[in-house]
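First up is the structure itself, then whatever we jot down about it.
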Amino acid sequence: MITSNIFTEEEFELEKDVIHDECGVFGITTVPGSDVNVAGETQFGLYALQHRGQESCGICVNDRGVMTTVKDVGLVPEVFTLDVMEKFPLGQMAIGHVRYAPKEQSSPVNAQPLVVRHAKGTLVLAHNGNLVNGVEIREELRNQGVIFHTTNDTEVISYLIAKERLTASSIEEAIERAMEKLEGSYSLLIMSPRKMIAARDPHGFRPLCIGTLKGGYVFASETCALDSVGAKFLRDVEPGEIVEVVDGELKVYKKSSGPADGLCVFEYVYFARPDSVIEGASVHEARKQAGRFLAKSHPVDADIVCGVPDSGLDAAMGYAEESGIPYGVGLLKNRYIGRTFIQPLQSQRENSVKIKLNPIADTVRGKRVVLVDDSIVRGTTSARIVKLLREAGAKEIHLRLSSPPFINECYFGTDIDNKKNLIACRMSMEEMRESIGADSLGFLNIEDAKCVAKGCKAKGFCLGCFTGEYPISVEKAHMKDKFDEKLDI
């Protein structure tokens, strides 16, 4: 049974107090005679990427050019039941996708992968990212008679590629031409009847990696998805690069052509799973390093260091190691509560945080606690967690964040709340501390944020949500508000 994402006002308030990435992609190819079940392996890959999107998911299997697609709103196990999986053909290639969407954009029609049947054949596309000039291109195509059925940029990219394919000599050339017109973040997996193609924007905002499995190839947003299917990591798709698998052979159609200066630093802070390696840097180690930096820049006399599950745990370990303060488990997360959880009564809604997080009183009672989390958005959740620890008997609570304060919107695929709702835009540091109820408050500074990922191959990070300075102009992104009402979905 597919459950829908129904939010009470209270749940929506808490949901907006958490940072979300837009999606994750997974693709797999096989060689002749292979016994690999591409649908099953894609399902496993999407399980591994579920943290990148819980609103909808989809899989498209290519069986000698015949595309079989299943996608819907819901988590991977909700959509891909045993009965559904048994209906997929064995196939030779498959693409999968998990997506997060704001409440107002949650709809089955926006689920991916997107299948487009155009004049030169069939195109299947899955996309992670967000276009700055998406509305501009959409309006241009609409004026040429193109009818849109979704509100996502994936359809814009698909139609742009289909249009270029009319005069291009190959699908690869059409993709290259389209990329020259796209501005923003995009890690793409594209499937034609014979080919699997991966492409990444020149700035490298979002990760995309390549692995090998039984002679075939696997593409994924994170290396943890490669691990989940037993694939061996080969390398990352480089910014600006187009690679393809044709007849079982991996080829580079277009070499890296970008500045590679826009990798989202929040991939290391929050989005990616800690067991992933992005651009050569361990996410787990990056988070521990952020904690070490916090211990140096915001020291405090305390008895114990605790992390907020899950993304605050590694940073808390780093803080404890650097400070010499013992690490302890102060909060337990209920892993069986999903985004579709509904609390019908006001008394239950008020206990939302208690249901998802429960303090371990014996750990914090009578203690001066350093509480480490990844970020603060509105401050609502942080205040409730601090209150939980107070009620459990914590003597002092010193909140430390492994990212700088959010003061700007993101235009490249991260769902950050409107500036007017960001607590760091409305309050001073002391006002934030008082509002949250902590005894002290400290954020990672910008210079330290640039240095958390040791060994990272990216030439620079996008820190726009913290600084207001982006790798590319975001002026065109503001066209969205003007044209939203014209999207006749």
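Numbering starts fresh at 1 for the residues of each chain in the structure tokens, the chains themselves are lettered A, B, ... in the order given, and ligands are numbered from 1 as they appear.
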
| request: For Arg235 of chain A, work out the shell of residues within 8 Å, counting only C-alpha atoms and skipping chain neighbours fewer than 5 positions away, then give it as a list in words. | output: Cys209, Ile210 and Gly211 of chain A

Can I get the residues of segment 117-162 of chain A within 10 Å of segment 188-194 of chain A, each with the closest pair of atoms and their distance in Å to one decimal, using only C-alpha atoms, sorted chain first then ascending number, as a Markdown table?
| residue | atom | partner | partner_atom | distance |
| --- | --- | --- | --- | --- |
| A:Gly121 | CA | A:Ser192 | CA | 7.8 |
| A:Thr122 | CA | A:Ser192 | CA | 6.0 |
| A:Leu123 | CA | A:Ser192 | CA | 5.2 |
| A:Val124 | CA | A:Met191 | CA | 4.9 |
| A:Leu125 | CA | A:Ile190 | CA | 4.5 |
| A:Ala126 | CA | A:Leu189 | CA | 5.3 |
| A:His127 | CA | A:Leu188 | CA | 4.8 |
| A:Asn128 | CA | A:Leu188 | CA | 6.6 |
| A:Gly129 | CA | A:Leu188 | CA | 8.7 |
| A:Thr154 | CA | A:Leu188 | CA | 9.1 |
| A:Ile157 | CA | A:Leu188 | CA | 9.6 |
| A:Ser158 | CA | A:Ile190 | CA | 9.2 |

Print the selection's residues with N, CA and C atoms to a file, as a compact mmCIF listing (two decimals), in the first residue's frame.
# COMPACT_ATOMS: atom_id res chain seq x y z
N GLY A 121 13.50 8.68 -30.84
CA GLY A 121 13.54 7.51 -29.99
C GLY A 121 13.02 7.78 -28.59
N THR A 122 13.55 7.02 -27.63
CA THR A 122 13.12 7.12 -26.24
C THR A 122 14.27 7.58 -25.36
N LEU A 123 13.95 8.44 -24.41
CA LEU A 123 14.94 9.00 -23.49
C LEU A 123 14.42 8.83 -22.07
N VAL A 124 15.25 8.26 -21.19
CA VAL A 124 14.90 8.12 -19.78
C VAL A 124 15.92 8.91 -18.97
N LEU A 125 15.44 9.75 -18.06
CA LEU A 125 16.35 10.66 -17.37
C LEU A 125 16.04 10.73 -15.87
N ALA A 126 17.10 10.69 -15.05
CA ALA A 126 17.01 10.93 -13.61
C ALA A 126 18.01 12.02 -13.27
N HIS A 127 17.61 12.92 -12.37
CA HIS A 127 18.37 14.16 -12.17
C HIS A 127 18.49 14.48 -10.69
N ASN A 128 19.67 14.85 -10.28
CA ASN A 128 19.89 15.38 -8.94
C ASN A 128 20.43 16.79 -9.07
N GLY A 129 19.70 17.78 -8.56
CA GLY A 129 20.17 19.16 -8.65
C GLY A 129 19.03 20.13 -8.87
N THR A 154 13.78 18.32 -14.27
CA THR A 154 14.10 17.14 -15.04
C THR A 154 13.38 17.16 -16.38
N ILE A 157 15.08 19.63 -18.72
CA ILE A 157 16.31 19.06 -19.30
C ILE A 157 15.97 18.04 -20.37
N SER A 158 14.97 17.20 -20.10
CA SER A 158 14.59 16.15 -21.06
C SER A 158 14.13 16.75 -22.38

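Proximity ranking of A:Ile147, A:Ala119, A:Cys60, A:Cys410 relative to His478 of chain A places A:Cys410 first, based on only C-alpha atoms.
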
| message | One decimal, in Å: what's the spacing between atom CA of Glu238 of chain A and atom CA of Lys195 of chain A? | response |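 Spanning atom CA of Glu238 of chain A to atom CA of Lys195 of chain A is a straight-line distance of 19.1 Å.
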
| field | 6 Å contact set for segment 73-77 of chain A, only C-alpha atoms, chain neighbours under 2 positions out, as a list in words | value |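 My reading of the contact set: Gln54, Glu55, Ser56, Val79, Phe80, Thr81 and Pro108 of chain A.
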
Give me the residues of segment 354-401 of chain A that have any atom at most 8 Å from an atom of segment 306-325 of chain A; for each, the nearest atom pair and the distance in Å, rounded to one decimal. Use only C-alpha atoms, sort by chain and number, and format it as a Markdown table.
| residue | atom | partner | partner_atom | distance |
| --- | --- | --- | --- | --- |
| A:Val369 | CA | A:Cys306 | CA | 7.0 |
| A:Val370 | CA | A:Cys306 | CA | 6.1 |
| A:Leu371 | CA | A:Cys306 | CA | 5.1 |
| A:Val372 | CA | A:Gly307 | CA | 4.7 |
| A:Asp373 | CA | A:Gly312 | CA | 4.3 |
| A:Asp374 | CA | A:Gly312 | CA | 5.2 |

| field | Non-local contacts of segment 172-177 of chain A (12 Å; only C-alpha atoms; under 3 positions in same chain excluded) as a ChimeraX atom specification | value | /A:120,123,125,157-169,180-182,188-192,195-202,240-246,251-257

| query | Which is closest to Pro259 of chain A among A:Met429, A:Thr68, A:Val452, A:Lys459, if we use only C-alpha atoms? | reply |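 Using only C-alpha atoms, the shortest distance to Pro259 of chain A belongs to A:Lys459.
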
| All residues 9 Å or closer to segment 45-50 of chain A, only C-alpha atoms, same chain fewer than 3 positions away omitted, as a PyMOL selection string | chain A and resi 23-27+40-42+53-54+57-58+75-77+96-99+220-222+224-229+272-273

| query | Could you name the residues that touch segment 357-362 of chain A at 7 Å or less, counting only C-alpha atoms, but leaving out those on the same chain fewer than 2 positions away, as a list in words? | reply |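 These residues fall inside the cut-off: Gly330, Leu331, Leu332, Lys333, Asn334, Val353, Lys354, Ile355, Val364, Arg365, Leu388, Leu389, Ala392 and Gly393 of chain A.
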
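Distances here use only C-alpha atoms; by that measure, the residue among A:Gln43, A:Lys87, A:Met93, A:Val386 closest to Arg64 of chain A is A:Met93.
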
| message | If I take atom CA of Phe406 of chain A and atom CA of Ala424 of chain A, how far is one from the other in Å, to one decimal? | response | 6.2 Å

| said: I'd like the neighbourhood of Lys395 of chain A as a PyMOL selection string, where a residue qualifies if any of its atoms comes within 7 Å (using only C-alpha atoms), though same-chain residues fewer than 4 positions away should be ignored. | reply: chain A and resi 366-368

| task | Would you please give, as an NGL selection string, all residues of segment 126-178 of chain A that DSSP assigns to strand (DSSP E or B) based on the backbone? | result | :A and (126-131)

| Quick one, how far is atom CA of Val31 of chain A from atom CA of Ser276 of chain A? |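 Answer for the atom CA of Val31 of chain A to atom CA of Ser276 of chain A separation: 26.5 Å.
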
| field | Filtered DSSP result for segment 184-409 of chain A, state alpha helix (DSSP H), as a ChimeraX atom specification | value | /A:223-228,266,283-297,313-323,346-349,352-356,361-364,380-391

Selected residues written out with C-alpha atoms, as a short mmCIF file (atom, residue, chain, number, x, y, z; two decimals), in the first residue's frame:
data_model
loop_
_atom_site.label_atom_id
_atom_site.label_comp_id
_atom_site.auth_asym_id
_atom_site.auth_seq_id
_atom_site.Cartn_x
_atom_site.Cartn_y
_atom_site.Cartn_z
CA THR A 223 29.65 5.35 -2.93
CA CYS A 224 27.48 3.80 -0.20
CA ALA A 225 25.07 2.75 -2.97
CA LEU A 226 27.92 1.02 -4.80
CA ASP A 227 28.77 -0.83 -1.59
CA SER A 228 25.16 -1.93 -1.16
CA PHE A 266 26.74 20.38 3.07
CA VAL A 283 32.26 11.90 4.90
CA HIS A 284 32.77 10.33 8.33
CA GLU A 285 36.22 11.90 8.70
CA ALA A 286 34.98 15.27 7.41
CA ARG A 287 32.33 15.37 10.11
CA LYS A 288 34.82 14.38 12.79
CA GLN A 289 37.12 17.13 11.54
CA ALA A 290 34.29 19.65 11.83
CA GLY A 291 33.87 18.54 15.45
CA ARG A 292 37.59 18.99 16.10
CA PHE A 293 37.44 22.51 14.68
CA LEU A 294 34.44 23.27 16.92
CA ALA A 295 36.32 22.07 19.99
CA LYS A 296 39.16 24.46 19.17
CA SER A 297 37.03 27.49 18.27
CA LEU A 313 27.17 11.88 15.91
CA ASP A 314 30.44 11.92 13.96
CA ALA A 315 31.03 15.60 14.70
CA ALA A 316 30.42 14.89 18.38
CA MET A 317 33.09 12.17 18.26
CA GLY A 318 35.52 14.67 16.79
CA TYR A 319 34.68 17.25 19.43
CA ALA A 320 35.22 14.67 22.17
CA GLU A 321 38.57 13.53 20.74
CA GLU A 322 39.91 17.06 20.43
CA SER A 323 38.59 18.35 23.76
CA GLN A 346 -2.76 18.09 19.71
CA SER A 347 -1.27 16.35 22.73
CA GLN A 348 0.48 13.91 20.40
CA ARG A 349 1.70 16.67 18.08
CA SER A 352 6.64 14.95 18.03
CA VAL A 353 10.29 15.31 19.00
CA LYS A 354 9.89 12.93 21.95
CA ILE A 355 8.54 10.26 19.61
CA LYS A 356 11.51 10.60 17.25
CA ALA A 361 18.63 10.17 31.38
CA ASP A 362 21.45 8.19 32.99
CA THR A 363 23.89 9.70 30.49
CA VAL A 364 22.97 13.36 30.99
CA THR A 380 12.24 24.93 16.58
CA THR A 381 13.73 21.44 16.70
CA SER A 382 16.90 22.55 18.50
CA ALA A 383 14.82 24.22 21.20
CA ARG A 384 12.78 21.07 21.73
CA ILE A 385 15.86 18.85 21.92
CA VAL A 386 17.43 21.16 24.48
CA LYS A 387 14.19 21.04 26.46
CA LEU A 388 14.21 17.23 26.37
CA LEU A 389 17.71 17.13 27.81
CA ARG A 390 16.77 19.66 30.50
CA GLU A 391 13.82 17.51 31.49
#
